[in-house]
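Engineer: Please see the structure below; I have some questions.
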Amino acid sequence: MTFSMATRPGIEMMFETLALMDGGVVAGFMIMAVALYFTPGADMMFTLASGISGGPRAGAAAAAGISLGVLCHVVFAAAGLAVLLQSYPAAFDLIRYLGVAYLVYLAVQSWRAGSEFGDVRGRAGLFAAFRRGLLTNLLNPKVALFVLAFLPQFTDPAIGPVWHQILWLGLFLALGGMITDGAFGVFAGLMAARMRRFGGVMNKVASFVFGGIAAKLILD
């Protein structure tokens, strides 16, 4: 009861802030976000690779994991962790190298899959695709820095706490990304399913994509 009474004002304040946010500013934010969704990047490539290697459901599950990762980065940015990563290059590099190592692992696993290709249906397979998307996004510290640089540009301290606005904008960003990346992943999965007899080629393509994302994280 005490917890409920204590959290209710905070939740009400969050929705009050949402009500005060300028619709035109939010619309401008989403227009820019849509442009970002269609810009080839790590998230798009990852969902495409997931769809190619595991089918449309895997592509959609990976997109959902990536979106949850974005939301986590938004919370981290609101809490100030992104500033810490920016201030301490060693911490930034550590997380980045962990992400690269994980992507290399995924590339090796896809390469070793040989000619196996399956449309992921079971809960375990879908959760694995979701988990891979989440971890890949969380282990990319550039997402946290992007959130810190991009979202505050659309906030206004005069209408309420900035971190409230960052959380709302981050939620919109994550939901839009889940829809867009999910569509890419499902499309890739459907196209790969039509080429099921070329399963070995599909897994090799996925391996190269995962490896390419890893190389991009290192070189950028």
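In the structure tokens, each chain is lettered A, B, ... as it comes, each chain's residues begin at 1, and ligands are numbered from 1 in order of appearance.
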Considering only C-alpha atoms, return as a ChimeraX atom specification whatever protein or nucleic-acid residues lie within 6 Å of range 213-216 of chain A, sequence-local ones (same chain, fewer than 2 positions apart) excluded.

Structural biologist: /A:42,100,103,210-211,218-220

Engineer: Quick one: write out the picked residues with N, CA and C atoms as a PDB file, in the first residue's frame?

Structural biologist:
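Final file, again_21.pdb:
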ATOM      1  N   ALA A  42      23.506  -1.078 -37.576  1.00  0.00           N
ATOM      2  CA  ALA A  42      23.688  -2.351 -36.886  1.00  0.00           C
ATOM      3  C   ALA A  42      22.362  -3.037 -36.574  1.00  0.00           C
ATOM      4  N   VAL A 100      31.682  -6.787 -29.638  1.00  0.00           N
ATOM      5  CA  VAL A 100      32.352  -7.334 -30.820  1.00  0.00           C
ATOM      6  C   VAL A 100      32.567  -8.845 -30.653  1.00  0.00           C
ATOM      7  N   LEU A 103      29.335 -10.713 -31.207  1.00  0.00           N
ATOM      8  CA  LEU A 103      28.952 -10.760 -32.611  1.00  0.00           C
ATOM      9  C   LEU A 103      29.827 -11.748 -33.385  1.00  0.00           C
ATOM     10  N   PHE A 210      26.821 -10.696 -39.420  1.00  0.00           N
ATOM     11  CA  PHE A 210      27.230 -10.570 -38.019  1.00  0.00           C
ATOM     12  C   PHE A 210      28.691 -10.116 -37.931  1.00  0.00           C
ATOM     13  N   GLY A 211      29.540 -10.707 -38.769  1.00  0.00           N
ATOM     14  CA  GLY A 211      30.947 -10.312 -38.775  1.00  0.00           C
ATOM     15  C   GLY A 211      31.133  -8.878 -39.224  1.00  0.00           C
ATOM     16  N   ILE A 218      34.276  -2.041 -34.377  1.00  0.00           N
ATOM     17  CA  ILE A 218      35.703  -1.856 -34.115  1.00  0.00           C
ATOM     18  C   ILE A 218      36.253  -0.643 -34.858  1.00  0.00           C
ATOM     19  N   LEU A 219      35.844  -0.489 -36.120  1.00  0.00           N
ATOM     20  CA  LEU A 219      36.441   0.535 -36.974  1.00  0.00           C
ATOM     21  C   LEU A 219      35.866   1.924 -36.779  1.00  0.00           C
ATOM     22  N   ASP A 220      34.592   2.020 -36.347  1.00  0.00           N
ATOM     23  CA  ASP A 220      33.971   3.344 -36.187  1.00  0.00           C
ATOM     24  C   ASP A 220      34.615   4.105 -35.027  1.00  0.00           C
TER      25      ASP A 220
END

Engineer: Tell me which protein, DNA and RNA residues are within 10 Å of Ala58 in chain A, counting only C-alpha atoms, leaving out same-chain ones fewer than 5 positions away, and put them as number ranges by chain.

Structural biologist: A: 47-53, 63-64, 118-121, 125-130, 133, 182, 185-186, 189

Engineer: Return the single residue from A:Asp156, A:Asp22, A:Trp111, A:Ala206 that is closest to Gly55 in chain A, with distances computed using only C-alpha atoms.

Structural biologist: A:Ala206

Engineer: Give the answer as one residue: which of A:Gly170, A:Leu151, A:Ser207, A:Met44 has the shortest atom-to-atom distance to Gln109 in chain A, using only C-alpha atoms?

Structural biologist: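 Ranking A:Gly170, A:Leu151, A:Ser207, A:Met44 by distance to Gln109 in chain A, first place goes to A:Ser207.
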
Engineer: Give me the residues near Pro157 in chain A as a ChimeraX atom specification, where near means some atom within 12 Å (using only C-alpha atoms) and where sequence neighbours in that chain fewer than 6 positions away do not count.

Structural biologist: /A:17,20-21,163-166

Engineer: Name the closest residue to His73 in chain A among the candidates A:Ala61, A:Met178, A:Leu135, A:Leu217; distances are taken between atoms, counting only C-alpha atoms.

Structural biologist: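 Once distances to His73 in chain A are computed over only C-alpha atoms, the minimum belongs to A:Leu135.
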
Engineer: For a test of reading the model, state the distance in Å between CA of Val104 in chain A and CA of Ala149 in chain A, rounded to one decimal.

Structural biologist: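 The value is 28.2 Å.
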
Engineer: Give me the residues near Val34 in chain A as a PyMOL selection string, where near means some atom within 9 Å (using only C-alpha atoms) and where sequence neighbours in that chain fewer than 2 positions away do not count.

Structural biologist: chain A and resi 29-32+36-39+173+176-177+180

Engineer: Print the selection's residues with N, CA, C and O atoms to a file, as a tab-separated table (two decimals), in the first residue's frame.

Structural biologist:
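part.tsv, freshly written:
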chain	number	residue	atom	x	y	z
A	29	PHE	N	10.38	14.90	-33.97
A	29	PHE	CA	11.25	13.85	-33.45
A	29	PHE	C	11.01	12.53	-34.17
A	29	PHE	O	11.95	11.85	-34.59
A	30	MET	N	9.74	12.17	-34.35
A	30	MET	CA	9.42	10.90	-34.99
A	30	MET	C	9.78	10.91	-36.48
A	30	MET	O	10.17	9.88	-37.03
A	31	ILE	N	9.67	12.07	-37.13
A	31	ILE	CA	10.07	12.16	-38.54
A	31	ILE	C	11.56	11.86	-38.67
A	31	ILE	O	12.00	11.11	-39.55
A	32	MET	N	12.35	12.45	-37.77
A	32	MET	CA	13.78	12.19	-37.79
A	32	MET	C	14.07	10.74	-37.42
A	32	MET	O	14.97	10.11	-37.97
A	36	LEU	N	16.01	7.65	-39.47
A	36	LEU	CA	17.06	6.80	-38.88
A	36	LEU	C	16.72	5.31	-39.04
A	36	LEU	O	17.61	4.50	-39.26
A	37	TYR	N	15.43	4.99	-38.90
A	37	TYR	CA	15.03	3.58	-39.03
A	37	TYR	C	15.43	3.01	-40.39
A	37	TYR	O	15.78	1.82	-40.49
A	38	PHE	N	15.34	3.84	-41.43
A	38	PHE	CA	15.60	3.36	-42.78
A	38	PHE	C	17.04	3.60	-43.22
A	38	PHE	O	17.37	3.41	-44.39
A	39	THR	N	17.87	4.06	-42.27
A	39	THR	CA	19.29	4.20	-42.56
A	39	THR	C	19.99	2.89	-42.18
A	39	THR	O	19.89	2.45	-41.03
A	173	LEU	N	10.73	6.02	-29.59
A	173	LEU	CA	11.83	5.59	-30.46
A	173	LEU	C	11.91	4.07	-30.51
A	173	LEU	O	12.06	3.48	-31.59
A	176	GLY	N	8.79	2.50	-32.38
A	176	GLY	CA	8.91	2.69	-33.83
A	176	GLY	C	9.99	1.78	-34.41
A	176	GLY	O	9.81	1.20	-35.49
A	177	GLY	N	11.09	1.65	-33.68
A	177	GLY	CA	12.16	0.78	-34.15
A	177	GLY	C	11.75	-0.68	-34.17
A	177	GLY	O	12.12	-1.42	-35.08
A	180	THR	N	9.61	-1.17	-37.30
A	180	THR	CA	10.39	-1.10	-38.54
A	180	THR	C	11.38	-2.25	-38.67
A	180	THR	O	11.41	-2.95	-39.68

Engineer: Would you mind telling me which residue in A:Cys72, A:Leu98, A:Met191, A:Leu84 lies nearest to Val143 in chain A when using only C-alpha atoms?

Structural biologist: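 Checking each of A:Cys72, A:Leu98, A:Met191, A:Leu84 against Val143 in chain A, counting only C-alpha atoms, the winner is A:Cys72.
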
Engineer: Report the distance between CA of Asp181 in chain A and CA of Val209 in chain A in Å, rounded to one decimal place.

Structural biologist: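 Computing the Euclidean distance for CA of Asp181 in chain A and CA of Val209 in chain A yields 15.3 Å.
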
Engineer: Ile95 in chain A: which residues within 9 Å, counting only C-alpha atoms, same-chain residues fewer than 3 positions away excluded, as a ChimeraX atom specification?

Structural biologist: /A:90-92,98-100,138-141
